[in-house]
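Participant: start17.csv (CSV, C-alpha atoms) pasted underneath:
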```
chain,number,residue,atom,x,y,z
A,5,MET,CA,0.0,0.0,0.0
A,6,LEU,CA,1.2,3.5,-0.9
A,7,SER,CA,2.0,5.9,1.9
A,8,ALA,CA,0.4,9.4,1.9
A,9,HIS,CA,3.6,10.9,0.6
A,10,GLU,CA,3.8,8.4,-2.2
A,11,THR,CA,0.2,9.0,-3.1
A,12,ASP,CA,0.9,12.8,-3.2
A,13,VAL,CA,3.9,12.3,-5.4
A,14,GLU,CA,2.0,10.0,-7.8
A,15,HIS,CA,-0.8,12.6,-8.0
A,16,GLU,CA,1.8,15.4,-8.7
A,17,LEU,CA,3.4,13.2,-11.4
A,18,LYS,CA,0.0,12.6,-13.0
A,19,LEU,CA,-0.8,16.3,-13.0
A,20,TRP,CA,2.6,17.2,-14.5
A,21,VAL,CA,2.3,14.6,-17.3
A,22,GLN,CA,-1.3,15.8,-18.1
A,23,SER,CA,0.0,19.4,-18.3
A,24,LYS,CA,2.8,18.4,-20.6
A,25,VAL,CA,0.5,16.4,-22.8
A,26,GLU,CA,-1.9,19.3,-23.1
A,27,ASP,CA,0.9,21.6,-24.0
A,28,GLU,CA,2.2,19.2,-26.7
A,29,VAL,CA,-1.3,18.7,-28.2
A,30,SER,CA,-1.7,22.5,-28.4
A,31,ARG,CA,1.7,22.9,-30.0
A,32,VAL,CA,1.0,20.2,-32.6
A,33,VAL,CA,-2.6,21.4,-33.4
A,34,GLY,CA,-1.1,25.0,-33.7
A,35,LEU,CA,1.1,23.6,-36.5
A,36,GLY,CA,-2.0,22.4,-38.3
A,37,GLN,CA,-1.7,18.7,-37.5
A,38,LYS,CA,-4.6,16.6,-36.4
A,39,VAL,CA,-3.8,14.6,-33.3
A,40,ILE,CA,-5.6,12.2,-30.9
A,41,LYS,CA,-4.1,11.8,-27.4
A,42,LEU,CA,-4.4,8.3,-26.0
A,43,PRO,CA,-4.5,7.8,-22.3
A,44,VAL,CA,-1.8,5.4,-21.0
A,45,LYS,CA,-2.9,3.1,-18.1
A,46,ASN,CA,0.6,1.7,-17.4
A,47,CYS,CA,4.2,1.9,-18.6
A,48,ALA,CA,6.8,-0.7,-18.0
A,49,VAL,CA,10.1,-1.9,-19.3
A,50,VAL,CA,10.5,-5.6,-19.9
A,51,ARG,CA,13.9,-7.1,-20.1
A,52,GLN,CA,14.1,-10.0,-22.5
A,53,VAL,CA,17.0,-12.2,-23.5
A,54,LYS,CA,18.2,-9.8,-26.3
A,55,ASP,CA,16.0,-6.7,-26.0
A,56,VAL,CA,14.6,-4.2,-23.6
A,57,VAL,CA,11.0,-3.7,-24.6
A,58,ASN,CA,9.1,-0.5,-23.7
A,59,ARG,CA,5.6,-1.7,-22.9
A,60,LEU,CA,2.5,0.6,-22.8
A,61,GLU,CA,-1.0,-0.5,-21.8
A,62,VAL,CA,-3.3,2.0,-23.5
A,63,ASP,CA,-6.9,2.9,-22.6
A,64,THR,CA,-8.3,2.4,-26.1
A,65,GLY,CA,-9.7,-0.2,-28.5
A,66,PHE,CA,-7.3,0.9,-31.2
A,67,ASN,CA,-5.6,-1.8,-33.2
A,68,PHE,CA,-1.9,-1.0,-32.9
A,69,ASP,CA,-1.0,-3.4,-35.7
A,70,THR,CA,-2.0,-0.6,-38.1
A,71,VAL,CA,0.9,1.6,-36.9
A,72,VAL,CA,3.5,2.1,-39.7
A,73,GLN,CA,5.7,4.7,-38.0
A,74,ILE,CA,6.8,5.6,-34.5
A,75,LEU,CA,8.2,9.1,-33.7
A,76,LEU,CA,9.7,10.1,-30.3
A,77,SER,CA,10.1,13.5,-28.9
A,78,ASP,CA,13.2,14.7,-27.1
A,79,PRO,CA,13.2,13.7,-23.4
A,80,VAL,CA,11.7,16.1,-20.9
A,81,PRO,CA,13.2,15.4,-17.4
A,82,CYS,CA,10.7,14.9,-14.7
A,83,PRO,CA,11.0,17.3,-11.8
A,84,PRO,CA,13.4,15.7,-9.3
A,85,GLU,CA,11.0,16.2,-6.5
A,86,VAL,CA,8.3,14.3,-8.4
A,87,LYS,CA,10.2,11.4,-10.1
A,88,ASP,CA,14.0,11.9,-10.0
A,89,GLY,CA,15.9,10.1,-12.8
A,90,TYR,CA,12.9,9.7,-15.0
A,91,ALA,CA,12.0,11.4,-18.3
A,92,LEU,CA,8.9,11.9,-20.3
A,93,ARG,CA,8.8,11.4,-24.1
A,94,PHE,CA,5.9,11.7,-26.4
A,95,VAL,CA,5.4,8.7,-28.5
A,96,VAL,CA,3.7,9.7,-31.8
A,97,LEU,CA,2.2,6.9,-33.9
A,98,SER,CA,1.3,7.2,-37.5
A,99,THR,CA,-0.9,4.8,-39.5
A,100,GLY,CA,-0.3,6.6,-42.7
A,101,LYS,CA,-3.5,8.5,-42.4
A,102,PRO,CA,-3.7,12.3,-41.8
A,103,MET,CA,-4.2,12.0,-38.0
A,104,LEU,CA,-1.5,11.2,-35.5
A,105,LEU,CA,-1.8,9.4,-32.1
A,106,LEU,CA,0.1,10.8,-29.2
A,107,LEU,CA,0.9,8.9,-26.0
A,108,PRO,CA,3.0,10.0,-23.0
A,109,TYR,CA,5.8,7.6,-21.9
A,110,LEU,CA,7.7,7.9,-18.6
A,111,TYR,CA,10.8,5.9,-18.3
A,112,ASP,CA,13.9,5.5,-16.1
A,113,THR,CA,16.8,7.2,-17.9
A,114,SER,CA,19.4,5.2,-16.0
A,115,MET,CA,18.3,1.8,-17.3
A,116,VAL,CA,21.2,0.3,-19.2
A,117,GLY,CA,20.4,-1.1,-22.6
A,118,ASN,CA,17.1,0.7,-23.2
A,119,THR,CA,17.6,2.2,-26.7
A,120,LEU,CA,13.9,3.0,-27.0
A,121,THR,CA,13.7,0.9,-30.2
A,122,GLU,CA,11.6,-2.0,-29.0
A,123,TRP,CA,7.9,-1.2,-28.3
A,124,GLU,CA,4.8,-3.2,-27.3
A,125,PHE,CA,1.4,-1.6,-27.2
A,126,ILE,CA,-1.6,-3.3,-25.5
A,127,ASN,CA,-5.2,-2.1,-25.9
A,128,ASN,CA,-8.3,-2.7,-23.8
A,129,ALA,CA,-9.0,-6.0,-25.5
A,130,LEU,CA,-5.5,-7.1,-24.4
A,131,ALA,CA,-4.4,-7.3,-28.0
A,132,SER,CA,-0.6,-6.9,-28.1
A,133,SER,CA,1.3,-5.3,-31.0
A,134,ARG,CA,5.1,-5.3,-31.1
A,135,HIS,CA,7.0,-2.7,-33.1
A,136,LYS,CA,10.7,-2.0,-33.7
A,137,VAL,CA,12.2,1.4,-34.5
A,138,ASP,CA,14.9,0.8,-37.1
A,139,HIS,CA,16.7,4.1,-36.8
A,140,PHE,CA,16.3,7.6,-35.4
A,141,GLU,CA,16.7,10.9,-37.3
A,142,ASP,CA,17.3,14.2,-35.7
A,143,VAL,CA,15.2,17.0,-37.1
A,144,ASP,CA,15.9,20.7,-36.5
A,145,GLY,CA,12.6,22.5,-36.5
A,146,ARG,CA,14.1,25.9,-36.2
A,147,ARG,CA,14.1,28.2,-39.2
```
Is it possible to give me this structure as structure tokens?
Facilitator:
Amino acid sequence: MLSAHETDVEHELKLWVQSKVEDEVSRVVGLGQKVIKLPVKNCAVVRQVKDVVNRLEVDTGFNFDTVVQILLSDPVPCPPEVKDGYALRFVVLSTGKPMLLLLPYLYDTSMVGNTLTEWEFINNALASSRHKVDHFEDVDGRR
């Protein structure tokens, strides 16, 4: 059972993530892009024999097998008083259609071997979809 302090910290973390998600949705919509934010129920990192898999349980009926591209934002460090050593990234999923899906992802930045290339998404029907990011590209959005 969580102590009162742990409950307060988890509540602060949830509010911080929600605020960051709203800011990112506003930014993306302001650029003219359609986006749907998907609520994440749980994040975990699963160590397998060869891989470290970033696992997200998502509160949706969406079929993640239709995802054709995964984009990741730069990391945003969590405030140390809320979750020291963790960072937030926005996982942006594309199905090739003109609307993007946005999910928040919190992870431990000190975990050795987590290259953020292996992903598993699980929907409300417990359908699991595995994806691998082949490479990352840096984009400079400044003009």
Participant: I'd like the neighbourhood of Leu17 in chain A as a count of residues only, where a residue qualifies if any of its atoms comes within 10 Å (using all atoms listed in the file), though same-chain residues fewer than 4 positions away should be ignored.
Facilitator: 12
Participant: Enter the distance from CA of Gly65 in chain A to CA of Glu124 in chain A, in Å, rounded to one decimal.
Facilitator: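 If I compute the distance from CA of Gly65 in chain A to CA of Glu124 in chain A, I get 14.9 Å.
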Participant: Using only C-alpha atoms, what table do you get, as JSON lines, when you list each residue of range 23-60 of chain A with an atom no more than 12 Å from range 111-115 of chain A, its nearest pair of atoms, and their distance in Å rounded to one decimal, rows by chain then rising number?
Facilitator:
```
{"residue": "A:Asn46", "atom": "CA", "partner": "A:Tyr111", "partner_atom": "CA", "distance": 11.1}
{"residue": "A:Cys47", "atom": "CA", "partner": "A:Tyr111", "partner_atom": "CA", "distance": 7.7}
{"residue": "A:Ala48", "atom": "CA", "partner": "A:Tyr111", "partner_atom": "CA", "distance": 7.7}
{"residue": "A:Val49", "atom": "CA", "partner": "A:Tyr111", "partner_atom": "CA", "distance": 7.9}
{"residue": "A:Val50", "atom": "CA", "partner": "A:Met115", "partner_atom": "CA", "distance": 11.1}
{"residue": "A:Arg51", "atom": "CA", "partner": "A:Met115", "partner_atom": "CA", "distance": 10.3}
{"residue": "A:Val56", "atom": "CA", "partner": "A:Met115", "partner_atom": "CA", "distance": 9.5}
{"residue": "A:Val57", "atom": "CA", "partner": "A:Tyr111", "partner_atom": "CA", "distance": 11.5}
{"residue": "A:Asn58", "atom": "CA", "partner": "A:Tyr111", "partner_atom": "CA", "distance": 8.5}
{"residue": "A:Arg59", "atom": "CA", "partner": "A:Tyr111", "partner_atom": "CA", "distance": 10.3}
{"residue": "A:Leu60", "atom": "CA", "partner": "A:Tyr111", "partner_atom": "CA", "distance": 10.8}
```
Participant: A:Glu16, A:Asp138, A:Asp63, A:Glu28: which is nearest Asp78 in chain A, counting all atoms listed in the file?
Facilitator: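 Closest residue, counting all atoms listed in the file: A:Glu28.
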Participant: Take CA of Val96 in chain A and CA of Ile74 in chain A and report the distance between them in Å, one decimal.
Facilitator: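 Taking CA of Val96 in chain A and CA of Ile74 in chain A, their separation equals 5.8 Å.
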Participant: Enter the distance from CA of Leu42 in chain A to CA of Met103 in chain A, in Å, rounded to one decimal.
Facilitator: 12.6 Å
Participant: Using only C-alpha atoms, which residues sit within 10 Å of Lys24 in chain A once same-chain residues fewer than 2 positions away are excluded, as a PyMOL selection string?
Facilitator: chain A and resi 18-22+26-30+80+92-94+108
Participant: Neighbours of Arg134 in chain A within 8 Å (only C-alpha atoms; same-chain residues fewer than 2 positions away dropped), as a ChimeraX atom specification?
Facilitator: /A:69,122-125,132,136
Participant: A:Val33, A:Val62, A:Val39, A:Ala8: which is nearest Lys101 in chain A, counting only C-alpha atoms?
Facilitator: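 Among the listed residues, the smallest separation from Lys101 in chain A belongs to A:Val39.
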Participant: Looking at A:Gln52, A:Thr64, A:Thr119, A:Gln37, which one is nearest to Ala131 in chain A, with distances taken over all atoms listed in the file?
Facilitator: A:Thr64
Participant: Output requested as a compact mmCIF listing (two decimals), in the coordinates of the input - range 103-132 of chain A, filled out with N, CA and C atoms.
Facilitator:
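Result saved to part-v6.txt:
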```txt
# COMPACT_ATOMS: atom_id res chain seq x y z
N MET A 103 -4.07 11.70 -39.42
CA MET A 103 -4.20 12.00 -38.00
C MET A 103 -3.16 11.16 -37.24
N LEU A 104 -2.48 11.81 -36.29
CA LEU A 104 -1.50 11.20 -35.50
C LEU A 104 -2.03 10.80 -34.11
N LEU A 105 -1.46 9.79 -33.49
CA LEU A 105 -1.80 9.40 -32.10
C LEU A 105 -0.66 9.77 -31.22
N LEU A 106 -0.95 10.36 -30.08
CA LEU A 106 0.10 10.80 -29.20
C LEU A 106 -0.11 10.16 -27.80
N LEU A 107 0.97 9.58 -27.30
CA LEU A 107 0.90 8.90 -26.00
C LEU A 107 2.10 9.42 -25.15
N PRO A 108 1.87 9.67 -23.87
CA PRO A 108 3.00 10.00 -23.00
C PRO A 108 3.69 8.73 -22.54
N TYR A 109 5.01 8.80 -22.39
CA TYR A 109 5.80 7.60 -21.90
C TYR A 109 6.81 8.09 -20.91
N LEU A 110 6.70 7.58 -19.68
CA LEU A 110 7.70 7.90 -18.60
C LEU A 110 8.60 6.67 -18.48
N TYR A 111 9.90 6.97 -18.38
CA TYR A 111 10.80 5.90 -18.30
C TYR A 111 12.05 6.30 -17.42
N ASP A 112 12.72 5.29 -16.89
CA ASP A 112 13.90 5.50 -16.10
C ASP A 112 15.10 5.70 -17.01
N THR A 113 15.68 6.88 -16.94
CA THR A 113 16.80 7.20 -17.90
C THR A 113 18.07 6.49 -17.53
N SER A 114 18.16 5.88 -16.37
CA SER A 114 19.40 5.20 -16.00
C SER A 114 19.40 3.72 -16.38
N MET A 115 18.33 3.24 -16.96
CA MET A 115 18.30 1.80 -17.30
C MET A 115 19.25 1.52 -18.45
N VAL A 116 20.16 0.66 -18.18
CA VAL A 116 21.20 0.30 -19.20
C VAL A 116 20.53 -0.60 -20.24
N GLY A 117 20.86 -0.29 -21.49
CA GLY A 117 20.40 -1.10 -22.60
C GLY A 117 19.07 -0.71 -23.21
N ASN A 118 18.40 0.30 -22.63
CA ASN A 118 17.10 0.70 -23.20
C ASN A 118 17.37 1.77 -24.28
N THR A 119 17.35 1.33 -25.52
CA THR A 119 17.60 2.20 -26.70
C THR A 119 16.32 2.82 -27.22
N LEU A 120 15.19 2.50 -26.60
CA LEU A 120 13.90 3.00 -27.00
C LEU A 120 13.54 2.57 -28.47
N THR A 121 14.03 1.42 -28.87
CA THR A 121 13.70 0.90 -30.20
C THR A 121 12.71 -0.20 -30.23
N GLU A 122 12.51 -0.85 -29.11
CA GLU A 122 11.60 -2.00 -29.00
C GLU A 122 10.31 -1.51 -28.26
N TRP A 123 9.14 -1.70 -28.88
CA TRP A 123 7.90 -1.20 -28.30
C TRP A 123 6.82 -2.30 -28.35
N GLU A 124 6.00 -2.32 -27.30
CA GLU A 124 4.80 -3.20 -27.30
C GLU A 124 3.65 -2.34 -26.78
N PHE A 125 2.59 -2.35 -27.56
CA PHE A 125 1.40 -1.60 -27.20
C PHE A 125 0.26 -2.61 -26.97
N ILE A 126 -0.48 -2.42 -25.87
CA ILE A 126 -1.60 -3.30 -25.50
C ILE A 126 -2.83 -2.50 -25.32
N ASN A 127 -3.90 -2.89 -26.01
CA ASN A 127 -5.20 -2.10 -25.90
C ASN A 127 -6.09 -2.77 -24.88
N ASN A 128 -7.30 -2.22 -24.78
CA ASN A 128 -8.30 -2.70 -23.80
C ASN A 128 -8.72 -4.12 -23.98
N ALA A 129 -8.61 -4.62 -25.22
CA ALA A 129 -9.00 -6.00 -25.50
C ALA A 129 -7.81 -6.95 -25.24
N LEU A 130 -6.73 -6.39 -24.67
CA LEU A 130 -5.50 -7.10 -24.40
C LEU A 130 -4.79 -7.61 -25.63
N ALA A 131 -5.11 -6.97 -26.78
CA ALA A 131 -4.40 -7.30 -28.00
C ALA A 131 -3.04 -6.59 -27.97
N SER A 132 -2.00 -7.36 -28.18
CA SER A 132 -0.60 -6.90 -28.10
C SER A 132 -0.05 -6.68 -29.49
```
